$ cat data05.cif   # mmCIF, C-alpha atoms and all ligand atoms
data_entry
#
loop_
_atom_site.label_atom_id
_atom_site.label_comp_id
_atom_site.auth_asym_id
_atom_site.auth_seq_id
_atom_site.Cartn_x
_atom_site.Cartn_y
_atom_site.Cartn_z
CA MET A 3 74.98 -50.79 5.92
CA THR A 4 77.97 -50.26 3.64
CA THR A 5 80.81 -47.83 4.33
CA VAL A 6 82.97 -46.46 1.50
CA THR A 7 85.50 -43.73 0.77
CA ILE A 8 84.70 -41.40 -2.12
CA GLU A 9 87.54 -41.35 -4.65
CA ARG A 10 86.43 -38.74 -7.16
CA LEU A 11 83.50 -36.88 -8.69
CA GLY A 12 81.86 -38.56 -11.71
CA GLN A 13 80.79 -36.80 -14.92
CA GLN A 14 77.40 -35.89 -13.39
CA GLY A 15 78.94 -34.51 -10.18
CA ASP A 16 78.07 -37.55 -8.01
CA GLY A 17 80.73 -38.92 -5.65
CA VAL A 18 82.24 -42.17 -6.95
CA ALA A 19 83.56 -44.93 -4.67
CA PRO A 20 85.39 -48.11 -5.81
CA GLY A 21 83.12 -50.45 -7.72
CA PRO A 22 82.20 -47.99 -9.16
CA LEU A 23 79.51 -46.99 -6.67
CA PHE A 24 77.74 -43.69 -7.20
CA VAL A 25 76.98 -41.68 -4.10
CA PRO A 26 75.04 -38.47 -4.73
CA LEU A 27 75.95 -35.27 -2.90
CA THR A 28 79.31 -36.51 -1.63
CA LEU A 29 82.86 -35.29 -2.21
CA PRO A 30 86.30 -36.86 -2.79
CA GLY A 31 87.94 -38.07 0.43
CA GLU A 32 84.68 -38.38 2.36
CA ILE A 33 83.87 -41.56 4.30
CA VAL A 34 80.16 -42.32 3.92
CA SER A 35 77.77 -45.08 4.99
CA GLY A 36 74.50 -46.03 3.36
CA THR A 37 72.35 -48.74 1.82
CA LEU A 38 73.36 -50.42 -1.44
CA GLU A 39 70.84 -50.02 -4.25
CA GLY A 40 72.25 -51.35 -7.54
CA ASP A 41 75.36 -49.30 -8.29
CA ALA A 42 74.32 -46.51 -5.92
CA LEU A 43 74.51 -45.90 -2.19
CA VAL A 44 71.35 -44.32 -0.77
CA ASP A 45 70.16 -43.03 2.63
CA ILE A 46 73.71 -42.02 3.28
CA SER A 47 75.29 -40.48 6.32
CA ILE A 48 78.63 -38.69 6.12
CA GLU A 49 81.04 -40.26 8.62
CA ALA A 50 84.00 -38.00 7.78
CA PRO A 51 83.29 -34.87 5.73
CA SER A 52 85.66 -33.25 3.26
CA SER A 53 87.19 -29.89 4.19
CA ASP A 54 85.64 -28.70 0.92
CA ARG A 55 82.11 -29.50 2.09
CA VAL A 56 80.11 -26.29 2.59
CA LYS A 57 76.58 -25.46 3.71
CA ALA A 58 74.56 -25.16 0.52
CA PRO A 59 73.82 -21.46 -0.07
CA CYS A 60 70.28 -22.27 -1.25
CA SER A 61 67.72 -23.74 1.15
CA HIS A 62 66.11 -25.77 -1.69
CA PHE A 63 69.32 -27.55 -2.68
CA ARG A 64 68.53 -30.94 -1.09
CA SER A 65 65.31 -31.37 -3.05
CA CYS A 66 65.66 -29.18 -6.17
CA GLY A 67 67.29 -30.77 -9.24
CA GLY A 68 68.42 -27.41 -10.66
CA CYS A 69 71.87 -27.51 -8.99
CA GLN A 70 74.16 -30.50 -8.38
CA LEU A 71 77.18 -29.10 -6.54
CA GLN A 72 76.16 -26.55 -3.91
CA HIS A 73 77.60 -28.79 -1.19
CA ALA A 74 81.13 -28.22 -2.55
CA SER A 75 83.37 -25.18 -2.14
CA ASP A 76 83.70 -22.90 -5.18
CA ASP A 77 87.41 -23.79 -5.34
CA LEU A 78 86.71 -27.52 -5.51
CA VAL A 79 84.10 -27.10 -8.27
CA ALA A 80 86.36 -24.82 -10.31
CA ALA A 81 89.32 -27.22 -9.97
CA TRP A 82 87.13 -30.23 -10.83
CA LYS A 83 85.80 -28.55 -13.99
CA ARG A 84 89.36 -27.66 -15.04
CA ASP A 85 90.32 -31.31 -14.42
CA LEU A 86 87.49 -32.54 -16.68
CA VAL A 87 89.13 -30.55 -19.49
CA VAL A 88 92.68 -31.74 -18.68
CA THR A 89 91.51 -35.38 -18.53
CA ALA A 90 89.56 -35.19 -21.80
CA LEU A 91 92.66 -33.77 -23.53
CA ALA A 92 94.93 -36.40 -21.95
CA VAL A 93 92.81 -39.19 -23.53
CA HIS A 94 94.10 -37.88 -26.89
CA GLY A 95 97.63 -37.31 -25.60
CA ILE A 96 97.24 -33.51 -25.70
CA GLU A 97 99.13 -31.44 -23.15
CA THR A 98 98.67 -27.70 -23.02
CA GLU A 99 98.25 -24.86 -20.58
CA VAL A 100 94.76 -25.13 -19.07
CA HIS A 101 93.94 -21.95 -17.18
CA PRO A 102 91.94 -21.82 -13.91
CA THR A 103 88.16 -21.88 -14.50
CA ILE A 104 86.34 -18.56 -14.86
CA THR A 105 82.91 -18.85 -13.18
CA SER A 106 79.82 -16.70 -13.67
CA PRO A 107 78.51 -15.10 -10.46
CA GLU A 108 75.39 -16.10 -8.53
CA LYS A 109 72.07 -14.77 -9.84
CA SER A 110 73.43 -14.39 -13.37
CA ARG A 111 71.60 -17.07 -15.42
CA ARG A 112 69.47 -15.04 -17.78
CA ARG A 113 67.59 -18.00 -19.23
CA ALA A 114 65.88 -20.84 -17.39
CA THR A 115 63.08 -23.30 -18.02
CA PHE A 116 60.55 -23.55 -15.20
CA ALA A 117 57.98 -26.32 -14.85
CA ALA A 118 54.41 -25.18 -14.12
CA ARG A 119 51.60 -27.64 -13.28
CA ARG A 120 47.93 -26.98 -12.72
CA THR A 121 46.70 -28.18 -9.34
CA LYS A 122 43.25 -28.37 -7.72
CA LYS A 123 43.88 -25.09 -5.93
CA GLY A 124 45.71 -23.23 -8.71
CA ALA A 125 49.21 -24.05 -9.96
CA MET A 126 52.67 -25.04 -8.82
CA VAL A 127 55.85 -23.56 -10.33
CA GLY A 128 59.50 -24.40 -9.88
CA PHE A 129 62.27 -26.70 -11.07
CA HIS A 130 62.02 -30.49 -11.29
CA ALA A 131 63.19 -32.34 -8.21
CA ARG A 132 66.39 -34.37 -8.29
CA LYS A 133 65.75 -37.41 -10.54
CA SER A 134 61.96 -36.97 -10.37
CA ASP A 135 59.02 -35.30 -12.07
CA ALA A 136 57.91 -33.55 -8.88
CA ILE A 137 58.06 -29.75 -9.01
CA ILE A 138 59.97 -27.95 -6.28
CA PRO A 139 59.06 -24.27 -5.82
CA VAL A 140 62.26 -22.21 -5.63
CA PRO A 141 61.43 -18.76 -4.27
CA ASN A 142 64.63 -16.68 -4.00
CA CYS A 143 66.56 -18.98 -6.38
CA ILE A 144 70.19 -17.77 -6.31
CA LEU A 145 71.10 -19.21 -9.70
CA VAL A 146 68.96 -17.00 -11.93
CA THR A 147 68.75 -13.22 -12.30
CA ASP A 148 66.31 -11.39 -10.05
CA GLY A 149 64.10 -10.85 -13.10
CA LEU A 150 63.78 -14.61 -13.63
CA ALA A 151 63.42 -15.36 -9.92
CA GLY A 152 60.23 -13.26 -9.87
CA VAL A 153 58.53 -15.21 -12.64
CA ALA A 154 56.44 -17.59 -10.48
CA PRO A 155 53.19 -15.53 -10.49
CA LEU A 156 53.29 -15.30 -14.29
CA ALA A 157 54.05 -19.03 -14.72
CA GLU A 158 51.23 -19.91 -12.30
CA ALA A 159 48.81 -17.79 -14.30
CA LEU A 160 49.96 -19.41 -17.54
CA ALA A 161 49.39 -22.88 -16.06
CA VAL A 162 45.95 -22.00 -14.73
CA ALA A 163 45.01 -20.61 -18.14
CA GLY A 164 46.48 -23.21 -20.44
CA ALA A 165 48.03 -26.31 -18.84
CA SER A 166 46.26 -29.63 -19.17
CA ARG A 167 45.73 -31.64 -15.96
CA LYS A 168 48.11 -34.32 -17.24
CA ALA A 169 51.29 -32.50 -18.18
CA ALA A 170 53.34 -29.65 -16.77
CA LEU A 171 54.04 -26.60 -18.90
CA SER A 172 57.61 -25.90 -19.74
CA VAL A 173 58.09 -22.14 -19.42
CA THR A 174 61.39 -20.88 -20.85
CA VAL A 175 62.13 -17.35 -19.71
CA THR A 176 64.94 -15.19 -21.11
CA GLU A 177 65.79 -11.79 -19.67
CA GLY A 178 66.76 -9.15 -22.21
CA LEU A 179 67.20 -5.39 -22.54
CA GLU A 180 63.45 -4.80 -22.74
CA GLY A 181 62.15 -7.32 -20.22
CA LEU A 182 61.23 -10.98 -20.29
CA ASP A 183 60.91 -13.12 -23.41
CA VAL A 184 58.69 -16.10 -22.51
CA ALA A 185 58.28 -19.26 -24.63
CA VAL A 186 55.80 -21.86 -23.38
CA ALA A 187 55.70 -25.49 -24.53
CA GLY A 188 53.41 -28.38 -23.67
CA GLY A 189 50.20 -26.39 -23.18
CA LYS A 190 46.62 -26.89 -24.43
CA PRO A 191 46.04 -26.22 -28.11
CA LEU A 192 45.42 -22.53 -28.76
CA ASP A 193 41.84 -21.42 -29.35
CA GLY A 194 40.26 -17.97 -29.39
CA PRO A 195 39.44 -17.66 -25.67
CA LEU A 196 42.86 -18.99 -24.59
CA ARG A 197 44.60 -16.61 -26.97
CA ILE A 198 42.73 -13.65 -25.39
CA VAL A 199 43.65 -14.70 -21.83
CA LEU A 200 47.31 -15.19 -22.80
CA ALA A 201 47.46 -11.83 -24.59
CA GLY A 202 46.09 -10.27 -21.39
CA LEU A 203 48.83 -11.96 -19.32
CA CYS A 204 51.49 -10.67 -21.75
CA GLU A 205 50.20 -7.13 -21.15
CA ALA A 206 49.57 -7.44 -17.41
CA HIS A 207 53.04 -8.86 -16.72
CA ARG A 208 54.68 -6.33 -19.08
CA LEU A 209 56.41 -9.14 -21.03
CA ALA A 210 58.49 -8.22 -24.04
CA ARG A 211 57.19 -11.26 -25.95
CA LEU A 212 55.07 -14.34 -25.28
CA THR A 213 54.97 -17.42 -27.53
CA TRP A 214 52.83 -20.53 -27.01
CA ASP A 215 54.09 -23.73 -28.65
CA ASP A 216 55.94 -21.58 -31.23
CA GLU A 217 52.95 -19.33 -31.97
CA LEU A 218 53.37 -15.66 -31.22
CA ILE A 219 50.78 -14.44 -28.69
CA GLY A 220 52.06 -10.93 -28.18
CA MET A 221 55.13 -8.73 -28.56
CA ARG A 222 54.83 -5.50 -26.56
CA VAL A 223 58.40 -4.62 -27.56
CA PRO A 224 61.06 -6.63 -29.46
CA PRO A 225 62.97 -8.73 -26.86
CA ALA A 226 66.41 -7.46 -27.79
CA GLN A 227 69.75 -8.69 -26.48
CA ALA A 228 72.90 -6.56 -26.45
CA ILE A 229 75.63 -8.23 -28.52
CA GLY A 230 78.69 -5.99 -28.71
CA ASN A 231 77.47 -2.65 -30.09
CA ALA A 232 74.51 -4.31 -31.79
CA SER A 233 71.08 -5.15 -30.53
CA VAL A 234 69.67 -8.49 -31.71
CA VAL A 235 66.19 -9.98 -31.35
CA PRO A 236 66.69 -13.76 -31.18
CA PRO A 237 63.90 -16.05 -32.39
CA PRO A 238 61.83 -17.55 -29.52
CA GLY A 239 63.99 -20.11 -27.72
CA GLY A 240 66.98 -19.38 -30.02
CA PHE A 241 70.41 -20.17 -28.58
CA LEU A 242 71.96 -17.57 -26.31
CA GLN A 243 74.94 -17.88 -23.95
CA ALA A 244 73.56 -18.68 -20.50
CA THR A 245 74.85 -15.58 -18.70
CA GLN A 246 75.82 -12.08 -19.83
CA HIS A 247 79.07 -12.61 -17.92
CA GLY A 248 79.71 -15.83 -19.89
CA GLN A 249 78.94 -14.09 -23.18
CA GLU A 250 81.39 -11.29 -22.39
CA THR A 251 84.07 -13.69 -21.14
CA LEU A 252 83.85 -15.94 -24.21
CA THR A 253 83.78 -12.95 -26.56
CA ALA A 254 86.89 -11.38 -24.96
CA LEU A 255 88.75 -14.71 -25.27
CA VAL A 256 87.75 -15.15 -28.91
CA GLN A 257 88.81 -11.55 -29.68
CA LYS A 258 92.14 -12.17 -27.97
CA ILE A 259 92.80 -15.28 -30.08
CA VAL A 260 91.70 -13.70 -33.36
CA GLY A 261 93.77 -10.57 -32.65
CA GLY A 262 94.26 -8.31 -35.67
CA ALA A 263 92.71 -10.68 -38.25
CA LYS A 264 91.02 -8.71 -41.02
CA SER A 265 88.78 -11.46 -42.36
CA VAL A 266 87.12 -13.98 -40.03
CA ALA A 267 84.70 -16.88 -40.51
CA ASP A 268 82.37 -17.51 -37.55
CA LEU A 269 80.95 -21.04 -37.83
CA PHE A 270 77.91 -22.19 -35.79
CA ALA A 271 77.37 -18.47 -35.35
CA GLY A 272 73.93 -18.47 -33.67
CA CYS A 273 72.57 -14.91 -33.46
CA GLY A 274 76.04 -13.37 -33.74
CA THR A 275 77.54 -13.60 -30.23
CA PHE A 276 81.02 -13.54 -31.75
CA ALA A 277 80.39 -12.33 -35.32
CA LEU A 278 78.98 -8.94 -34.32
CA PRO A 279 81.72 -7.92 -31.83
CA LEU A 280 84.38 -9.24 -34.27
CA ALA A 281 82.87 -7.01 -36.99
CA GLU A 282 84.12 -3.97 -35.05
CA LYS A 283 87.56 -4.79 -36.52
CA ALA A 284 87.16 -7.46 -39.22
CA GLU A 285 84.95 -8.45 -42.11
CA VAL A 286 83.04 -11.53 -41.02
CA LEU A 287 81.25 -14.44 -42.67
CA ALA A 288 78.73 -15.90 -40.18
CA VAL A 289 77.43 -19.41 -40.93
CA GLU A 290 74.70 -21.07 -38.89
CA GLY A 291 72.22 -23.92 -39.44
CA ALA A 292 69.07 -22.19 -38.16
CA SER A 293 67.78 -19.71 -40.72
CA ASP A 294 65.75 -17.73 -38.14
CA MET A 295 68.89 -17.15 -36.08
CA ILE A 296 70.89 -16.06 -39.10
CA ALA A 297 68.04 -13.65 -40.01
CA ALA A 298 68.18 -12.19 -36.48
CA LEU A 299 71.96 -11.75 -36.77
CA ASP A 300 71.62 -10.04 -40.15
CA ALA A 301 68.89 -7.68 -38.87
CA GLY A 302 71.05 -6.81 -35.83
CA TRP A 303 74.02 -6.03 -38.06
CA ARG A 304 71.94 -3.87 -40.44
CA GLN A 305 70.74 -1.53 -37.69
CA ALA A 306 74.09 -1.35 -35.82
CA GLN A 307 76.48 1.58 -36.31
CA GLY A 308 80.14 1.36 -37.27
CA LEU A 309 80.49 -2.35 -37.97
CA LYS A 310 82.40 -3.77 -40.91
CA ARG A 311 80.63 -6.04 -43.37
CA VAL A 312 79.02 -9.22 -42.00
CA ARG A 313 77.87 -11.69 -44.63
CA THR A 314 75.57 -14.46 -43.45
CA GLU A 315 74.72 -17.92 -44.66
CA ALA A 316 72.22 -20.47 -43.34
CA ARG A 317 73.92 -23.81 -43.89
CA ASP A 318 74.08 -27.24 -42.28
CA LEU A 319 77.75 -27.51 -41.41
CA PHE A 320 77.49 -31.22 -40.54
CA ARG A 321 76.33 -32.08 -44.04
CA ARG A 322 77.89 -29.21 -45.99
CA PRO A 323 80.98 -27.95 -44.15
CA LEU A 324 82.90 -24.98 -45.53
CA LEU A 325 85.48 -26.43 -47.92
CA PRO A 326 89.16 -25.44 -48.26
CA ASP A 327 88.54 -23.16 -51.26
CA GLU A 328 85.84 -21.32 -49.28
CA LEU A 329 88.07 -21.10 -46.19
CA ALA A 330 91.18 -19.91 -48.02
CA ARG A 331 90.51 -16.17 -47.70
CA PHE A 332 90.11 -16.05 -43.89
CA ASP A 333 92.92 -15.02 -41.53
CA ALA A 334 91.08 -16.67 -38.65
CA VAL A 335 88.16 -19.04 -38.03
CA VAL A 336 85.94 -19.11 -34.94
CA LEU A 337 83.79 -22.15 -34.27
CA ASP A 338 81.34 -22.95 -31.50
CA PRO A 339 79.53 -26.19 -32.39
CA PRO A 340 76.85 -28.02 -30.38
CA ARG A 341 77.80 -30.84 -27.97
CA ALA A 342 78.44 -33.31 -30.80
CA GLY A 343 81.43 -31.21 -31.85
CA ALA A 344 82.35 -30.48 -35.45
CA ALA A 345 84.28 -33.51 -36.78
CA VAL A 346 83.28 -32.96 -40.42
CA GLN A 347 84.04 -29.22 -40.43
CA ILE A 348 87.27 -29.76 -38.49
CA ALA A 349 88.46 -32.23 -41.16
CA GLU A 350 88.06 -29.45 -43.76
CA LEU A 351 89.81 -26.91 -41.51
CA ALA A 352 92.67 -29.39 -41.13
CA LYS A 353 93.04 -29.35 -44.93
CA ALA A 354 92.48 -25.59 -45.38
CA LYS A 355 94.86 -24.61 -42.56
CA PRO A 356 93.71 -21.07 -41.67
CA PRO A 357 96.49 -19.58 -39.49
CA ILE A 358 94.33 -19.10 -36.37
CA ILE A 359 91.37 -21.05 -34.98
CA ALA A 360 89.37 -20.04 -31.90
CA HIS A 361 87.38 -23.09 -30.82
CA VAL A 362 84.58 -22.61 -28.28
CA SER A 363 83.01 -25.80 -26.94
CA CYS A 364 80.45 -27.03 -24.42
CA ASN A 365 81.82 -30.58 -24.44
CA PRO A 366 85.44 -31.32 -23.44
CA GLN A 367 85.29 -34.83 -24.98
CA THR A 368 84.33 -33.77 -28.51
CA PHE A 369 86.60 -30.73 -28.23
CA ALA A 370 89.55 -33.01 -27.40
CA ARG A 371 88.71 -35.34 -30.30
CA ASP A 372 88.57 -32.37 -32.72
CA ALA A 373 91.70 -30.80 -31.18
CA ALA A 374 93.62 -34.02 -31.92
CA THR A 375 92.66 -33.73 -35.62
CA LEU A 376 93.93 -30.15 -35.70
CA GLN A 377 97.10 -31.09 -33.86
CA ASP A 378 97.80 -33.87 -36.39
CA ALA A 379 97.36 -31.26 -39.15
CA GLY A 380 100.11 -29.07 -37.68
CA TYR A 381 98.26 -26.83 -35.21
CA VAL A 382 99.50 -26.05 -31.74
CA LEU A 383 96.86 -25.82 -29.02
CA GLU A 384 98.39 -22.83 -27.22
CA TRP A 385 96.06 -22.72 -24.23
CA VAL A 386 92.58 -23.65 -23.07
CA GLN A 387 90.35 -21.52 -20.85
CA PRO A 388 87.55 -23.36 -19.00
CA VAL A 389 84.46 -21.17 -18.53
CA ASP A 390 81.66 -22.05 -16.11
CA GLN A 391 78.36 -20.38 -16.99
CA PHE A 392 76.42 -23.24 -15.41
CA ARG A 393 77.41 -22.62 -11.83
CA TRP A 394 76.76 -25.53 -9.42
CA SER A 395 76.06 -27.91 -12.32
CA ALA A 396 78.30 -30.58 -13.87
CA HIS A 397 78.66 -28.66 -17.19
CA VAL A 398 81.80 -26.91 -18.31
CA GLU A 399 82.56 -24.88 -21.41
CA LEU A 400 85.90 -23.84 -22.81
CA VAL A 401 87.78 -21.82 -25.39
CA GLY A 402 90.90 -23.18 -27.10
CA SER A 403 93.48 -21.15 -29.04
CA PHE A 404 94.95 -22.96 -32.07
CA ARG A 405 97.74 -21.61 -34.23
CA LEU A 406 99.47 -23.24 -37.21
CA ALA A 407 102.95 -24.19 -35.99
CA HIS A 408 104.87 -22.23 -38.64
CA THR A 409 102.88 -18.98 -38.03
CA ARG A 410 103.95 -18.65 -34.37
C1 LIG B 1 76.72 -23.64 -28.90
S1 LIG B 1 75.67 -22.79 -30.03
C2 LIG B 1 76.68 -21.41 -30.41
C3 LIG B 1 76.01 -20.24 -31.06
C4 LIG B 1 76.80 -18.93 -31.08
N1 LIG B 1 78.18 -19.13 -31.48
C5 LIG B 1 76.72 -18.22 -29.76
O1 LIG B 1 77.73 -18.18 -29.05
O2 LIG B 1 75.67 -17.70 -29.41
C6 LIG B 1 75.78 -23.83 -31.43
C7 LIG B 1 75.07 -23.32 -32.65
O3 LIG B 1 75.23 -24.29 -33.69
C8 LIG B 1 74.04 -24.34 -34.45
N2 LIG B 1 74.02 -25.64 -35.14
C9 LIG B 1 73.69 -26.85 -34.63
N3 LIG B 1 73.83 -27.81 -35.57
C10 LIG B 1 74.28 -27.18 -36.68
C11 LIG B 1 74.62 -27.64 -37.99
N4 LIG B 1 74.52 -28.94 -38.30
N5 LIG B 1 75.04 -26.74 -38.90
C12 LIG B 1 75.14 -25.42 -38.58
N6 LIG B 1 74.82 -24.94 -37.35
C13 LIG B 1 74.40 -25.80 -36.42
C14 LIG B 1 72.94 -24.14 -33.44
O4 LIG B 1 71.75 -23.67 -34.06
C15 LIG B 1 73.57 -23.11 -32.49
O5 LIG B 1 73.26 -21.80 -32.89
#
$ encode --input "data05.cif" --output "structure tokens"
Amino acid sequence: MTTVTIERLGQQGDGVAPGPLFVPLTLPGEIVSGTLEGDALVDISIEAPSSDRVKAPCSHFRSCGGCQLQHASDDLVAAWKRDLVVTALAVHGIETEVHPTITSPEKSRRRATFAARRTKKGAMVGFHARKSDAIIPVPNCILVTDGLAGVAPLAEALAVAGASRKAALSVTVTEGLEGLDVAVAGGKPLDGPLRIVLAGLCEAHRLARLTWDDELIGMRVPPAQAIGNASVVPPPGGFLQATQHGQETLTALVQKIVGGAKSVADLFAGCGTFALPLAEKAEVLAVEGASDMIAALDAGWRQAQGLKRVRTEARDLFRRPLLPDELARFDAVVLDPPRAGAAVQIAELAKAKPPIIAHVSCNPQTFARDAATLQDAGYVLEWVQPVDQFRWSAHVELVGSFRLAHTR
């Protein structure tokens, strides 16, 4: 038996003791005993709990791998996520005002991927267990919207109809204005009879759309999402902010940074989360790598009322970033790259020097690296706002406000 004191939370939300030793489901300051297994302590008992330890609000928390931090108070999680941002910036010597984390409420995740496996008696649906392939049913999940929480009967029927005995289906469900948009991966190859059964399930469960390994099975009604005053139909599985609350929070922050800019470039634009609301006041160029997403954005803009011009371009910004002569006419640039960040595009922004940059990121490390490039080019990072759309997980997102020093 080994006894240790937890010093901090690691990047994945595990407690970390000197060594380092990783101790799942523990909190800083706790004294815990357990059995050494490599660099982990297992079969632990908590000798002295933290005052921030709380009873997990979900009864499945111990087994389900969907959440990592339900044993910690909301205040501790919010402060830890803010600290992840402060620490990542400190690595590059950047000091700025980092606001308290804004967290999406319970039951607000509008997209989730459920696992569904055929069994001898029918099917099993849920999330994967912690560090295992086992499926844990999660009736009354408090992470996702009520619409998503009720998806088990549909996912069971999909597995019975089209899962092989060997592999679980991955059933991605997105809630939109018109109901559920369901994209299934990992199922049996489509044939005529399976297609008929699946089309029947799409009808019976009143789904907006059902796709099977990227093939459209049925669309009762376009699965639209509200983006500002527009309504957009994303391609199946296309990127969407994880919660409506997160989308609105990020959009308000981006609008605040961009202010009265008349001409804005939105890079890594997705289906227009920022471009379409910004077009209420500014002309926008939206650039995105996925051509189906840019087509969805363009269609949403064309049928919306009262928006200024939005031009779109499908372009790989890692290989072909916007260059200084293309960036010269914008008063402000918004960018929201994937986890890898946007080193190549940021290098061009550092040369082009648009007066204002609103940088949204899902990775504090790559954000801090790219922020250092902008700082060296004469930008001031005025403030950073951490945003937590992935409640009870180890993820954090953020928005940073950059302004060229001489334009302040
Ligand atoms: C974090 S998402 C943000 C999307 C959008 N701003 C939003 O909020 O909904 C990142 C986007 O970058 C796009 N992307 C990834 N790699 C890219 C690349 N090399 N060039 C252009 N876009 C890329 C993805 O398709 C995705 O839409």
$ residues_around --input "data05.cif" --residues "Gly189 of chain A" --least-positions-apart "4" --cutoff "8 Å" --atoms "only C-alpha atoms" --output "MDAnalysis selection string"
chainID A and resid 161 164:166 169:171 214:215
$ closest_residue --input "data05.cif" --among "A:Leu23, A:Ala58, A:Val34, A:Leu278" --to "Arg311 of chain A" --atoms "all atoms listed in the file"
A:Leu278
$ atom_distance --input "data05.cif" --atom1 "atom CA of Asp16 of chain A" --atom2 "atom CA of Arg64 of chain A"
13.5 Å
$ closest_residue --input "data05.cif" --among "A:Thr98, A:Gln70, A:Thr314, A:Gln243" --to "ligand LIG 1 (chain B)" --atoms "all atoms listed in the file"
A:Gln243
$ residues_near_ligand --input "data05.cif" --ligand "ligand LIG 1 (chain B)" --cutoff "6 Å" --atoms "all atoms listed in the file" --output "PyMOL selection string"
chain A and resi 241-243+270-273+275+290-292+317-320+338-340
$ residues_around --input "data05.cif" --residues "Pro326 of chain A" --least-positions-apart "6" --cutoff "7 Å" --atoms "only C-alpha atoms" --output "JSON, numbers by chain"
{"A": [350, 351, 353, 354]}
$ write_last_selection --input "data05.cif" --atoms "C-alpha atoms" --output "PDB file, keeping the file's coordinate frame"
ATOM      1  CA  GLU A 350      88.060 -29.450 -43.760  1.00  0.00           C
ATOM      2  CA  LEU A 351      89.810 -26.910 -41.510  1.00  0.00           C
ATOM      3  CA  LYS A 353      93.040 -29.350 -44.930  1.00  0.00           C
ATOM      4  CA  ALA A 354      92.480 -25.590 -45.380  1.00  0.00           C
TER       5      ALA A 354
END
$ atom_distance --input "data05.cif" --atom1 "atom CA of Ser52 of chain A" --atom2 "atom CA of Val386 of chain A"
28.9 Å
$ residues_around --input "data05.cif" --residues "segment 219-223 of chain A" --least-positions-apart "3" --cutoff "12 Å" --atoms "all atoms listed in the file" --output "ChimeraX atom specification"
/A:178-186,192-194,196-216,226,235,238
$ atom_distance --input "data05.cif" --atom1 "atom CA of Ala19 of chain A" --atom2 "atom CA of Ile104 of chain A"
28.4 Å
